[in-house]
>>> print(open('coords39.txt').read())   # compact mmCIF, C-alpha atoms
# COMPACT_ATOMS: atom_id res chain seq x y z
CA MET A 9 35.38 -12.08 -1.41
CA PHE A 10 38.61 -11.20 0.41
CA VAL A 11 36.62 -10.34 3.54
CA LEU A 12 34.74 -13.65 3.35
CA ARG A 13 38.02 -15.58 3.08
CA LEU A 14 39.47 -13.63 5.99
CA LEU A 15 36.47 -14.39 8.19
CA ASN A 16 36.61 -18.07 7.20
CA LEU A 17 39.90 -18.41 9.08
CA ALA A 18 37.80 -19.01 12.18
CA SER A 19 36.70 -22.60 12.71
CA PRO A 20 32.93 -23.19 12.32
CA ARG A 21 32.09 -23.64 15.97
CA SER A 22 34.96 -21.89 17.71
CA ALA A 23 35.23 -18.21 18.59
CA PRO A 24 37.47 -16.35 16.11
CA THR A 25 39.81 -15.26 18.89
CA SER A 26 42.98 -15.18 16.83
CA TRP A 27 41.38 -12.94 14.19
CA LEU A 28 40.06 -10.58 16.86
CA LEU A 29 43.47 -10.42 18.58
CA GLY A 30 45.11 -9.65 15.27
CA ALA A 31 42.68 -6.82 14.65
CA ILE A 32 43.47 -5.35 18.07
CA LEU A 33 47.23 -5.51 17.52
CA VAL A 34 47.10 -4.09 14.02
CA GLY A 35 44.70 -1.30 14.97
CA SER A 36 46.64 -0.26 18.07
CA GLY A 37 50.12 -0.63 16.64
CA GLY A 38 51.02 -2.69 19.72
CA GLN A 39 50.47 0.25 22.06
CA ALA A 40 48.57 -0.11 25.32
CA ILE A 41 45.03 1.24 25.35
CA ALA A 42 44.33 3.95 27.93
CA ASN A 43 41.71 3.30 30.58
CA VAL A 44 40.02 6.69 30.62
CA THR A 45 36.60 6.96 28.96
CA ASP A 46 36.05 9.70 26.39
CA GLU A 47 32.28 9.30 26.09
CA HIS A 48 29.31 8.78 28.35
CA GLY A 49 27.82 5.33 28.52
CA ARG A 50 24.14 4.84 27.72
CA TRP A 51 21.44 2.61 29.13
CA ASP A 52 17.97 1.77 27.90
CA LEU A 53 15.16 -0.39 29.22
CA LEU A 54 12.20 -1.46 27.10
CA LEU A 55 9.07 -2.60 28.93
CA ARG A 56 7.19 -4.83 26.46
CA ASN A 57 3.76 -6.26 27.22
CA TYR A 58 2.69 -8.79 24.60
CA PHE A 59 -0.61 -10.61 24.03
CA LEU A 60 -0.88 -13.16 21.19
CA ASN A 61 -3.94 -15.20 20.22
CA ASN A 62 -4.08 -17.86 17.49
CA ASP A 63 -7.30 -19.29 16.06
CA LEU A 64 -6.07 -22.36 14.12
CA ARG A 65 -8.81 -22.96 11.57
CA ASP A 66 -7.21 -26.11 10.09
CA ASN A 67 -7.44 -27.96 13.41
CA SER A 68 -11.16 -27.47 13.93
CA GLY A 69 -12.75 -30.92 14.24
CA THR A 70 -9.42 -32.80 13.90
CA GLY A 71 -8.72 -33.27 17.59
CA GLY A 72 -5.68 -30.99 17.50
CA PRO A 73 -5.48 -27.67 19.35
CA SER A 74 -7.58 -25.03 17.66
CA TYR A 75 -6.85 -22.20 20.06
CA GLN A 76 -3.60 -20.80 21.43
CA GLN A 77 -3.19 -17.81 23.68
CA GLU A 78 -0.23 -16.39 25.60
CA TRP A 79 0.32 -13.13 27.45
CA ALA A 80 3.65 -12.03 28.89
CA GLN A 81 5.60 -9.09 30.22
CA GLY A 82 9.15 -8.56 29.00
CA PHE A 83 12.00 -6.38 30.24
CA ILE A 84 14.79 -5.78 27.70
CA GLY A 85 17.77 -3.88 29.11
CA ASN A 86 20.95 -2.65 27.43
CA LEU A 87 24.10 -1.02 28.79
CA ARG A 88 26.39 0.52 26.17
CA SER A 89 29.66 1.89 27.48
CA GLY A 90 31.67 4.71 25.99
CA PHE A 91 35.15 4.08 24.58
CA THR A 92 38.55 4.42 26.20
CA GLU A 93 40.84 7.19 24.96
CA GLY A 94 43.50 6.57 22.34
CA SER A 95 43.72 5.72 18.67
CA VAL A 96 41.78 2.54 19.43
CA GLY A 97 38.92 2.84 21.89
CA LEU A 98 37.74 -0.15 23.91
CA GLY A 99 34.20 -0.58 25.22
CA ILE A 100 31.58 -3.15 26.10
CA ASP A 101 27.87 -3.65 25.46
CA VAL A 102 25.77 -5.91 27.70
CA HIS A 103 22.11 -6.85 27.53
CA GLY A 104 19.69 -8.68 29.77
CA PHE A 105 16.17 -9.99 29.40
CA VAL A 106 13.42 -11.20 31.73
CA GLY A 107 10.12 -12.60 30.44
CA ILE A 108 7.26 -13.13 32.89
CA LYS A 109 4.31 -15.34 31.97
CA LEU A 110 0.94 -13.72 32.64
CA ASP A 111 -1.33 -16.21 30.84
CA GLY A 112 -0.99 -19.32 28.68
CA GLY A 113 -1.52 -22.68 30.35
CA ARG A 114 -1.35 -26.22 28.99
CA GLY A 115 -3.48 -26.58 25.89
CA ARG A 116 -3.15 -22.89 25.04
CA ALA A 117 0.65 -22.60 24.80
CA GLY A 118 2.75 -22.69 21.65
CA THR A 119 2.38 -19.27 20.04
CA GLY A 120 6.18 -18.77 20.09
CA LEU A 121 5.93 -16.07 22.73
CA LEU A 122 7.15 -18.26 25.63
CA PRO A 123 9.16 -21.48 25.93
CA VAL A 124 7.13 -24.66 26.36
CA ASP A 125 8.19 -27.62 28.54
CA SER A 126 7.72 -31.35 27.85
CA ARG A 127 4.27 -31.27 29.46
CA GLY A 128 3.06 -28.57 27.11
CA ARG A 129 3.18 -25.78 29.70
CA SER A 130 4.67 -22.39 28.89
CA HIS A 131 6.81 -20.59 31.45
CA GLY A 132 8.85 -17.45 32.02
CA TYR A 133 12.51 -17.19 31.09
CA ALA A 134 15.56 -14.95 31.31
CA SER A 135 18.86 -14.44 29.50
CA ALA A 136 21.90 -12.18 29.34
CA GLY A 137 24.88 -11.59 27.09
CA GLY A 138 27.38 -9.05 25.93
CA ALA A 139 29.95 -8.01 23.37
CA LEU A 140 33.38 -6.39 23.44
CA LYS A 141 33.74 -3.49 21.01
CA LEU A 142 36.72 -1.67 19.48
CA ARG A 143 36.57 1.64 17.67
CA ALA A 144 39.27 3.09 15.44
CA GLY A 145 38.13 6.19 13.60
CA ASN A 146 35.02 5.30 11.63
CA HIS A 147 35.52 1.55 12.08
CA LEU A 148 33.67 -0.45 14.76
CA LEU A 149 34.50 -4.07 15.56
CA ARG A 150 32.30 -6.11 17.92
CA TYR A 151 32.90 -9.58 19.33
CA GLY A 152 30.36 -11.48 21.40
CA GLU A 153 26.58 -11.77 21.51
CA MET A 154 24.67 -9.10 19.60
CA THR A 155 21.74 -8.30 17.35
CA VAL A 156 22.55 -8.18 13.62
CA GLU A 157 20.86 -6.23 10.85
CA THR A 158 21.84 -7.03 7.26
CA PRO A 159 19.76 -8.17 4.25
CA VAL A 160 21.38 -11.65 4.26
CA PHE A 161 21.37 -12.28 8.02
CA ASP A 162 19.10 -10.33 10.36
CA THR A 163 18.20 -11.35 13.90
CA GLY A 164 14.49 -10.81 14.42
CA ASP A 165 12.63 -8.80 17.06
CA LYS A 166 9.04 -9.95 16.57
CA ARG A 167 8.14 -11.43 19.94
CA LEU A 168 8.93 -10.83 23.59
CA GLN A 169 12.73 -11.20 23.32
CA PRO A 170 14.97 -10.20 20.40
CA GLU A 171 17.05 -12.90 18.71
CA TYR A 172 20.84 -12.77 19.21
CA ALA A 173 23.88 -14.15 17.39
CA THR A 174 27.37 -14.71 18.78
CA GLY A 175 30.38 -13.94 16.62
CA VAL A 176 32.34 -11.02 15.20
CA MET A 177 30.97 -8.02 13.28
CA LEU A 178 32.69 -5.13 11.53
CA ASP A 179 30.90 -1.89 10.61
CA SER A 180 33.13 0.46 8.66
CA THR A 181 31.94 3.89 7.48
CA LEU A 182 34.03 4.45 4.37
CA SER A 183 32.34 7.79 3.61
CA PRO A 184 29.27 9.67 4.85
CA SER A 185 27.12 7.62 2.47
CA LEU A 186 29.01 4.30 2.18
CA LEU A 187 28.96 1.56 4.83
CA LEU A 188 30.94 -1.70 4.75
CA GLN A 189 29.75 -4.62 6.88
CA ALA A 190 31.34 -8.02 7.45
CA GLY A 191 30.71 -10.71 10.04
CA ARG A 192 30.85 -14.34 11.07
CA PHE A 193 28.50 -15.98 13.56
CA THR A 194 28.62 -19.44 15.10
CA ARG A 195 26.10 -19.45 17.99
CA PHE A 196 22.51 -18.28 18.22
CA LYS A 197 19.75 -17.45 20.72
CA ASN A 198 16.10 -17.82 19.73
CA GLN A 199 13.30 -15.43 20.59
CA ASN A 200 11.77 -17.86 23.10
CA GLY A 201 14.99 -19.33 24.52
CA SER A 202 17.58 -18.45 27.14
CA SER A 203 20.49 -20.48 25.72
CA SER A 204 23.06 -18.88 23.42
CA HIS A 205 23.82 -22.34 21.96
CA ASP A 206 20.55 -22.76 20.06
CA ASP A 207 20.19 -22.76 16.27
CA PHE A 208 18.14 -20.75 13.82
CA SER A 209 16.01 -22.79 11.42
CA GLY A 210 14.36 -21.92 8.13
CA VAL A 211 12.05 -23.96 5.93
CA GLY A 212 14.61 -26.75 5.63
CA ALA A 213 18.00 -25.25 6.42
CA SER A 214 19.48 -24.75 9.89
CA THR A 215 22.52 -23.17 11.50
CA GLN A 216 23.15 -26.44 13.38
CA GLY A 217 26.84 -27.28 12.96
CA ALA A 218 27.29 -24.37 10.57
CA ALA A 219 28.58 -20.81 10.68
CA MET A 220 27.04 -17.81 8.95
CA THR A 221 29.52 -15.54 7.15
CA LEU A 222 28.62 -12.30 5.38
CA ALA A 223 30.09 -9.20 3.77
CA GLY A 224 28.55 -6.30 1.91
CA VAL A 225 28.30 -2.59 1.23
CA ARG A 226 25.45 -0.14 1.55
CA LEU A 227 25.12 3.13 -0.29
CA LEU A 228 23.10 5.15 2.17
CA ASP A 229 20.48 7.67 1.09
CA SER A 230 22.23 10.09 -1.25
CA GLN A 231 20.12 12.33 -3.47
CA ASP A 232 17.14 10.00 -2.93
CA ILE A 233 19.05 6.91 -4.11
CA SER A 234 20.23 4.00 -1.96
CA ALA A 235 21.68 0.62 -2.88
CA ALA A 236 23.16 -2.49 -1.27
CA LEU A 237 25.29 -5.43 -2.42
CA TYR A 238 25.93 -8.41 -0.10
CA ALA A 239 27.33 -11.93 -0.19
CA ALA A 240 26.70 -14.60 2.47
CA GLN A 241 27.47 -18.22 3.17
CA LEU A 242 25.73 -20.69 5.46
CA GLU A 243 28.56 -23.17 5.76
CA ASP A 244 28.03 -26.45 3.89
CA THR A 245 24.51 -25.35 2.95
CA TRP A 246 24.37 -22.37 0.57
CA ARG A 247 26.03 -19.31 -0.91
CA GLN A 248 23.85 -16.28 -1.44
CA GLY A 249 24.11 -12.93 -3.18
CA TYR A 250 21.82 -9.94 -2.59
CA LEU A 251 21.20 -6.75 -4.55
CA ASN A 252 18.99 -3.79 -3.69
CA LEU A 253 18.23 -0.50 -5.43
CA LYS A 254 15.85 2.10 -4.01
CA VAL A 255 14.94 5.36 -5.75
CA GLN A 256 12.76 8.16 -4.40
CA ARG A 257 11.54 11.00 -6.62
CA GLY A 258 8.97 13.41 -5.28
CA HIS A 259 5.95 11.43 -4.12
CA TRP A 260 7.14 8.18 -5.75
CA THR A 261 9.32 5.37 -4.36
CA LEU A 262 10.67 2.36 -6.27
CA ASP A 263 12.31 -0.45 -4.29
CA THR A 264 13.82 -3.59 -5.84
CA ASN A 265 15.34 -6.61 -4.04
CA LEU A 266 17.03 -9.68 -5.53
CA TYR A 267 18.51 -12.85 -3.96
CA ARG A 268 20.50 -15.56 -5.78
CA THR A 269 21.13 -18.78 -3.82
CA HIS A 270 23.18 -21.91 -4.68
CA ASP A 271 24.04 -24.95 -2.57
CA GLN A 272 27.57 -24.97 -1.16
CA GLY A 273 30.06 -27.48 0.26
CA ALA A 274 28.40 -30.59 1.69
CA ALA A 275 24.99 -29.17 0.67
CA ARG A 276 23.30 -30.26 3.90
CA ALA A 277 19.92 -28.97 2.72
CA GLY A 278 20.31 -30.62 -0.69
CA ALA A 279 20.55 -29.10 -4.14
CA ILE A 280 19.53 -25.41 -4.21
CA ASP A 281 19.29 -23.11 -7.24
CA THR A 282 16.93 -20.24 -6.48
CA LEU A 283 16.40 -16.72 -7.80
CA ALA A 284 14.00 -14.59 -5.75
CA TYR A 285 13.14 -10.95 -6.42
CA SER A 286 10.55 -8.30 -5.61
CA LEU A 287 9.50 -4.97 -7.12
CA LEU A 288 7.67 -2.38 -5.03
CA THR A 289 6.29 1.02 -5.93
CA ARG A 290 4.75 3.50 -3.50
CA TYR A 291 2.96 6.80 -4.00
CA GLN A 292 2.46 9.28 -1.16
CA LEU A 293 -0.47 11.67 -1.30
CA GLY A 294 -0.51 13.85 1.79
CA ALA A 295 -1.15 11.63 4.81
CA GLN A 296 -1.81 8.58 2.62
CA LYS A 297 0.51 6.03 1.01
CA PHE A 298 -0.51 3.60 -1.71
CA THR A 299 1.77 0.60 -2.32
CA VAL A 300 1.78 -2.16 -4.93
CA ALA A 301 4.38 -4.96 -4.96
CA TYR A 302 5.19 -8.04 -7.03
CA GLN A 303 7.37 -10.95 -5.86
CA ARG A 304 8.66 -14.03 -7.68
CA VAL A 305 10.60 -17.15 -6.64
CA ASN A 306 12.25 -19.16 -9.42
CA GLY A 307 13.47 -22.56 -8.26
CA ASP A 308 12.34 -26.04 -7.23
CA THR A 309 12.90 -25.27 -3.54
CA PRO A 310 11.61 -22.34 -1.44
CA PHE A 311 13.67 -19.23 -0.98
CA ASP A 312 15.05 -20.16 2.45
CA PHE A 313 16.76 -18.11 5.17
CA VAL A 314 17.81 -18.35 8.82
CA GLY A 315 17.27 -15.56 11.34
CA GLY A 316 13.81 -14.11 11.85
CA ASP A 317 14.16 -11.04 9.61
CA SER A 318 16.72 -12.28 7.05
CA ILE A 319 14.40 -11.73 4.11
CA TYR A 320 14.00 -8.25 2.63
CA LEU A 321 11.58 -9.23 -0.14
CA ALA A 322 8.55 -6.96 -0.38
CA ASN A 323 5.92 -9.63 0.26
CA SER A 324 7.55 -11.05 3.39
CA VAL A 325 4.91 -9.75 5.77
CA LYS A 326 3.57 -10.35 9.27
CA TYR A 327 2.73 -14.07 8.97
CA ALA A 328 3.66 -15.50 5.56
CA ASP A 329 6.78 -14.79 3.47
CA PHE A 330 5.27 -15.88 0.13
CA ASN A 331 8.58 -17.62 -0.61
CA GLY A 332 7.39 -21.01 -1.85
CA ALA A 333 8.98 -22.81 -4.78
CA GLN A 334 7.93 -21.16 -8.06
CA GLU A 335 5.61 -18.80 -6.16
CA ARG A 336 4.35 -15.52 -7.63
CA SER A 337 2.62 -13.01 -5.38
CA TRP A 338 1.05 -9.55 -5.46
CA GLN A 339 0.51 -7.04 -2.66
CA ALA A 340 -1.72 -4.01 -2.28
CA ARG A 341 -1.16 -1.81 0.78
CA TYR A 342 -2.64 1.37 2.24
CA ASP A 343 -1.11 3.56 5.00
CA LEU A 344 -2.72 6.53 6.73
CA ASP A 345 -1.06 9.00 9.11
CA PHE A 346 -3.70 10.65 11.29
CA ALA A 347 -1.42 13.60 12.13
CA GLU A 348 -3.04 15.51 9.27
CA PHE A 349 -6.37 15.10 11.08
CA GLY A 350 -5.01 16.35 14.39
CA ILE A 351 -4.13 12.98 15.97
CA THR A 352 -0.33 12.92 15.91
CA GLY A 353 1.18 9.50 16.60
CA LEU A 354 -1.73 7.44 15.25
CA ASN A 355 -1.09 5.32 12.13
CA LEU A 356 -3.17 2.76 10.24
CA MET A 357 -1.87 0.11 7.83
CA ALA A 358 -3.92 -2.38 5.81
CA ARG A 359 -2.61 -4.79 3.16
CA TYR A 360 -3.62 -7.82 1.13
CA ILE A 361 -1.22 -10.31 -0.47
CA ARG A 362 -2.12 -13.19 -2.77
CA GLY A 363 0.35 -15.88 -3.83
CA HIS A 364 -0.15 -18.59 -6.45
CA GLY A 365 1.73 -21.02 -8.68
CA ILE A 366 3.49 -22.79 -5.79
CA ASP A 367 5.05 -26.04 -7.04
CA SER A 368 7.30 -27.91 -4.61
CA SER A 369 6.70 -31.29 -6.24
CA ARG A 370 10.12 -31.18 -7.92
CA ALA A 371 12.16 -30.53 -4.75
CA PRO A 372 15.04 -33.06 -4.52
CA ALA A 373 13.81 -36.20 -2.74
CA ASP A 374 17.04 -36.48 -0.73
CA GLY A 375 17.11 -32.83 0.39
CA ALA A 376 15.85 -30.91 3.42
CA TYR A 377 12.79 -29.70 1.50
CA ALA A 378 11.47 -33.19 0.64
CA SER A 379 9.08 -33.14 3.61
CA ASN A 380 7.50 -29.97 2.20
CA ARG A 381 6.78 -31.46 -1.21
CA THR A 382 3.17 -30.93 -2.28
CA ALA A 383 1.24 -31.04 -5.51
CA SER A 384 1.50 -28.12 -7.89
CA GLY A 385 -1.05 -25.32 -7.88
CA GLY A 386 -0.45 -24.03 -4.37
CA ARG A 387 -2.10 -20.73 -3.54
CA HIS A 388 -2.84 -18.65 -0.45
CA TRP A 389 -3.59 -15.14 0.73
CA GLU A 390 -2.99 -12.95 3.79
CA ARG A 391 -4.79 -9.88 5.06
CA ASP A 392 -3.16 -7.62 7.69
CA ILE A 393 -4.63 -4.70 9.63
CA ASP A 394 -2.34 -2.77 11.98
CA LEU A 395 -3.23 0.21 14.16
CA ARG A 396 -0.43 1.94 16.10
CA TYR A 397 -0.32 4.89 18.45
CA THR A 398 2.61 6.59 20.17
CA VAL A 399 1.94 8.98 23.05
CA GLN A 400 3.43 12.36 22.15
CA HIS A 401 3.25 14.32 25.42
CA GLY A 402 3.03 14.01 29.17
CA SER A 403 4.43 11.48 31.63
CA ALA A 404 3.63 8.59 29.26
CA LYS A 405 5.46 10.18 26.31
CA GLY A 406 6.99 7.46 24.13
CA LEU A 407 4.48 4.76 25.12
CA ARG A 408 3.72 2.72 21.99
CA MET A 409 0.49 0.77 21.58
CA SER A 410 -0.26 -1.62 18.73
CA LEU A 411 -3.31 -3.64 17.75
CA ALA A 412 -2.87 -5.99 14.78
CA HIS A 413 -4.97 -8.70 13.17
CA VAL A 414 -3.81 -11.27 10.58
CA SER A 415 -5.89 -13.69 8.52
CA HIS A 416 -4.28 -16.36 6.35
CA ARG A 417 -5.98 -18.91 4.10
CA GLY A 418 -4.61 -21.39 1.55
CA ASN A 419 -5.21 -24.67 -0.21
CA ASN A 420 -3.55 -28.02 0.54
CA SER A 421 -0.76 -27.50 -2.01
CA GLN A 422 1.01 -25.00 0.22
CA ASN A 423 2.40 -25.62 3.70
CA LEU A 424 1.05 -22.84 5.92
CA PRO A 425 -2.07 -23.37 8.06
CA ASP A 426 -5.26 -21.36 7.96
CA ILE A 427 -5.13 -18.98 10.90
CA ASP A 428 -6.58 -15.84 12.42
CA ARG A 429 -4.10 -14.12 14.73
CA LEU A 430 -4.49 -11.17 17.08
CA TYR A 431 -1.55 -9.16 18.46
CA ILE A 432 -1.79 -6.56 21.24
CA THR A 433 1.47 -4.94 22.36
CA LEU A 434 2.39 -2.13 24.72
CA GLU A 435 5.96 -0.83 24.77
CA TYR A 436 7.42 1.83 27.01
CA PRO A 437 11.09 2.84 26.48
CA LEU A 438 13.31 4.31 29.18
CA GLN A 439 16.84 5.58 28.57
CA GLY A 440 19.60 7.70 29.98
CA LEU A 441 23.33 8.29 30.44
CA PHE A 442 25.74 6.92 33.05
>>> encode(input="coords39.txt", output="structure tokens")
Amino acid sequence: MFVLRLLNLASPRSAPTSWLLGAILVGSGGQAIANVTDEHGRWDLLLRNYFLNNDLRDNSGTGGPSYQQEWAQGFIGNLRSGFTEGSVGLGIDVHGFVGIKLDGGRGRAGTGLLPVDSRGRSHGYASAGGALKLRAGNHLLRYGEMTVETPVFDTGDKRLQPEYATGVMLDSTLSPSLLLQAGRFTRFKNQNGSSSHDDFSGVGASTQGAAMTLAGVRLLDSQDISAALYAAQLEDTWRQGYLNLKVQRGHWTLDTNLYRTHDQGAARAGAIDTLAYSLLTRYQLGAQKFTVAYQRVNGDTPFDFVGGDSIYLANSVKYADFNGAQERSWQARYDLDFAEFGITGLNLMARYIRGHGIDSSRAPADGAYASNRTASGGRHWERDIDLRYTVQHGSAKGLRMSLAHVSHRGNNSQNLPDIDRLYITLEYPLQGLF
């Protein structure tokens, strides 16, 4: 908790400049940093072509839109400098994005792939950002706009543009198998927005007017065992703890995840007392993998999160997260690697998840989840089929192609619509040194 208190010295909506300056002075011992690079810089450019089609089954015959379709081309570029010489190395990372609309007019917009104006028309967009970075030995400190990957706060990359968060992040490698992470973030950029002053929203919670603070440790793969322990706080909303244990023995894998969430401070989302956990086991037989998972949410409100990938529960899948109040869900999954049949780079995944027992009727009437209150007995299911291929040779080496289909159905006592969704993506990565 010391790291959390240290990061809390920054005001909720102001950049933690004083803390960053202190880190620089302490790390450098007050000495000037040399201006000669000791490493090459790197650049990468991802060309991402994305087609998304929604068939909204609930809206058929109601007068609402029953069909959404958008197609766009994205360019995601990153420049990562080396570090200056000296005991403390200074560098900078910058990123830029351009999204070009190819299809998706009024009446068909709204898939989340492109921004939509007041007239219901989608359009292209662009953004840019960057982060200053300091390296001292095995410790890396970043300040600015960046992607984040932790179990309690994880910016998503599910659409045309990745999500970004602005703040400060420390990654400290304490040993070859032990990683410490700590961070505080106060501004956010959504996947279909160009402003770095947006907010991430969950089921009822939001980062509006609040900072996200986190700290944790990861035990990296060591003798087929890995673990993680994290604590996080969405200011004046909740405090959250996370625990993970993953064990691999021969052909078997066991993966467990647990979140404990309580309301905090002004409790802007209302009273929260939620325990969510998942258990997953996987067996690999040659080119095939067979997976079974169970997930449970105990609490009168959903297990909520902000940031597109900030949920590491096993049944958080392509469309639904199966995180409703009191929800219990099962998953069966099958993976096949066609390399064993002479087609290297081709992979198939199919899974089915069924959730039941959803009861949000007891959510506090004065909280953020009151609008999601439904009768007890909520149930739903999702079926995913995903086919991916990566070109292995030739001038198109590295080109990734993906075709995915999602079907979701549920009754009226849960809050997700019935939908059939089709994804087609093409990604071609380019990279080099400078």
>>> residues_around(input="coords39.txt", residues="Thr309 (chain A)", least_positions_apart="6", cutoff="7 Å", atoms="all atoms listed in the file", output="VMD selection string")
chain A and resid 280 333 368 371 377
>>> write_last_selection(input="coords39.txt", atoms="C-alpha atoms", output="PDB file, in the frame of the given file")
ATOM      1  CA  ILE A 280      19.530 -25.410  -4.210  1.00  0.00           C
ATOM      2  CA  ALA A 333       8.980 -22.810  -4.780  1.00  0.00           C
ATOM      3  CA  SER A 368       7.300 -27.910  -4.610  1.00  0.00           C
ATOM      4  CA  ALA A 371      12.160 -30.530  -4.750  1.00  0.00           C
ATOM      5  CA  TYR A 377      12.790 -29.700   1.500  1.00  0.00           C
TER       6      TYR A 377
END
>>> closest_atom_pairs(input="coords39.txt", of="region 123-171 of chain A", to="region 88-92 of chain A", cutoff="12 Å", atoms="only C-alpha atoms", output="Markdown table")
| residue | atom | partner | partner_atom | distance |
| --- | --- | --- | --- | --- |
| A:Gly138 | CA | A:Arg88 | CA | 9.6 |
| A:Ala139 | CA | A:Arg88 | CA | 9.7 |
| A:Leu140 | CA | A:Ser89 | CA | 9.9 |
| A:Lys141 | CA | A:Phe91 | CA | 8.5 |
| A:Leu142 | CA | A:Phe91 | CA | 7.8 |
| A:Arg143 | CA | A:Phe91 | CA | 7.5 |
| A:Ala144 | CA | A:Phe91 | CA | 10.1 |
| A:Gly145 | CA | A:Phe91 | CA | 11.6 |
| A:Leu148 | CA | A:Phe91 | CA | 10.9 |
| A:Met154 | CA | A:Arg88 | CA | 11.8 |
>>> residues_around(input="coords39.txt", residues="region 125-127 of chain A", least_positions_apart="6", cutoff="10 Å", atoms="only C-alpha atoms", output="VMD selection string")
chain A and resid 114 to 115 117
>>> atom_distance(input="coords39.txt", atom1="CA of Asp263 (chain A)", atom2="CA of Glu157 (chain A)")
18.3 Å
>>> closest_residue(input="coords39.txt", among="A:Ile84, A:Met220, A:Ile432, A:Leu60", to="Gly315 (chain A)", atoms="all atoms listed in the file")
A:Met220
>>> residues_near_point(input="coords39.txt", point="(19.0, 13.6, 0.1)", cutoff="12 Å", atoms="all atoms listed in the file", output="list in words")
Pro184, Ser185, Leu228, Asp229, Ser230, Gln231, Asp232, Ile233, Ser234, Val255, Gln256, Arg257 and Gly258 of chain A
>>> write_last_selection(input="coords39.txt", atoms="C-alpha atoms", output="PDB file, in the coordinates of the input")
ATOM      1  CA  PRO A 184      29.270   9.670   4.850  1.00  0.00           C
ATOM      2  CA  SER A 185      27.120   7.620   2.470  1.00  0.00           C
ATOM      3  CA  LEU A 228      23.100   5.150   2.170  1.00  0.00           C
ATOM      4  CA  ASP A 229      20.480   7.670   1.090  1.00  0.00           C
ATOM      5  CA  SER A 230      22.230  10.090  -1.250  1.00  0.00           C
ATOM      6  CA  GLN A 231      20.120  12.330  -3.470  1.00  0.00           C
ATOM      7  CA  ASP A 232      17.140  10.000  -2.930  1.00  0.00           C
ATOM      8  CA  ILE A 233      19.050   6.910  -4.110  1.00  0.00           C
ATOM      9  CA  SER A 234      20.230   4.000  -1.960  1.00  0.00           C
ATOM     10  CA  VAL A 255      14.940   5.360  -5.750  1.00  0.00           C
ATOM     11  CA  GLN A 256      12.760   8.160  -4.400  1.00  0.00           C
ATOM     12  CA  ARG A 257      11.540  11.000  -6.620  1.00  0.00           C
ATOM     13  CA  GLY A 258       8.970  13.410  -5.280  1.00  0.00           C
TER      14      GLY A 258
END
>>> residues_around(input="coords39.txt", residues="Glu348 (chain A)", least_positions_apart="4", cutoff="9 Å", atoms="all atoms listed in the file", output="list in words")
Gly294, Ala295 and Thr352 of chain A
>>> residues_around(input="coords39.txt", residues="Asp392 (chain A)", least_positions_apart="2", cutoff="10 Å", atoms="all atoms listed in the file", output="PDB file with C-alpha atoms, in the coordinates of the input")
ATOM      1  CA  VAL A 325       4.910  -9.750   5.770  1.00  0.00           C
ATOM      2  CA  LYS A 326       3.570 -10.350   9.270  1.00  0.00           C
ATOM      3  CA  TYR A 327       2.730 -14.070   8.970  1.00  0.00           C
ATOM      4  CA  ARG A 341      -1.160  -1.810   0.780  1.00  0.00           C
ATOM      5  CA  MET A 357      -1.870   0.110   7.830  1.00  0.00           C
ATOM      6  CA  ALA A 358      -3.920  -2.380   5.810  1.00  0.00           C
ATOM      7  CA  ARG A 359      -2.610  -4.790   3.160  1.00  0.00           C
ATOM      8  CA  TYR A 360      -3.620  -7.820   1.130  1.00  0.00           C
ATOM      9  CA  ILE A 361      -1.220 -10.310  -0.470  1.00  0.00           C
ATOM     10  CA  GLU A 390      -2.990 -12.950   3.790  1.00  0.00           C
ATOM     11  CA  ASP A 394      -2.340  -2.770  11.980  1.00  0.00           C
ATOM     12  CA  ALA A 412      -2.870  -5.990  14.780  1.00  0.00           C
ATOM     13  CA  HIS A 413      -4.970  -8.700  13.170  1.00  0.00           C
ATOM     14  CA  VAL A 414      -3.810 -11.270  10.580  1.00  0.00           C
ATOM     15  CA  SER A 415      -5.890 -13.690   8.520  1.00  0.00           C
ATOM     16  CA  HIS A 416      -4.280 -16.360   6.350  1.00  0.00           C
ATOM     17  CA  ARG A 429      -4.100 -14.120  14.730  1.00  0.00           C
TER      18      ARG A 429
END
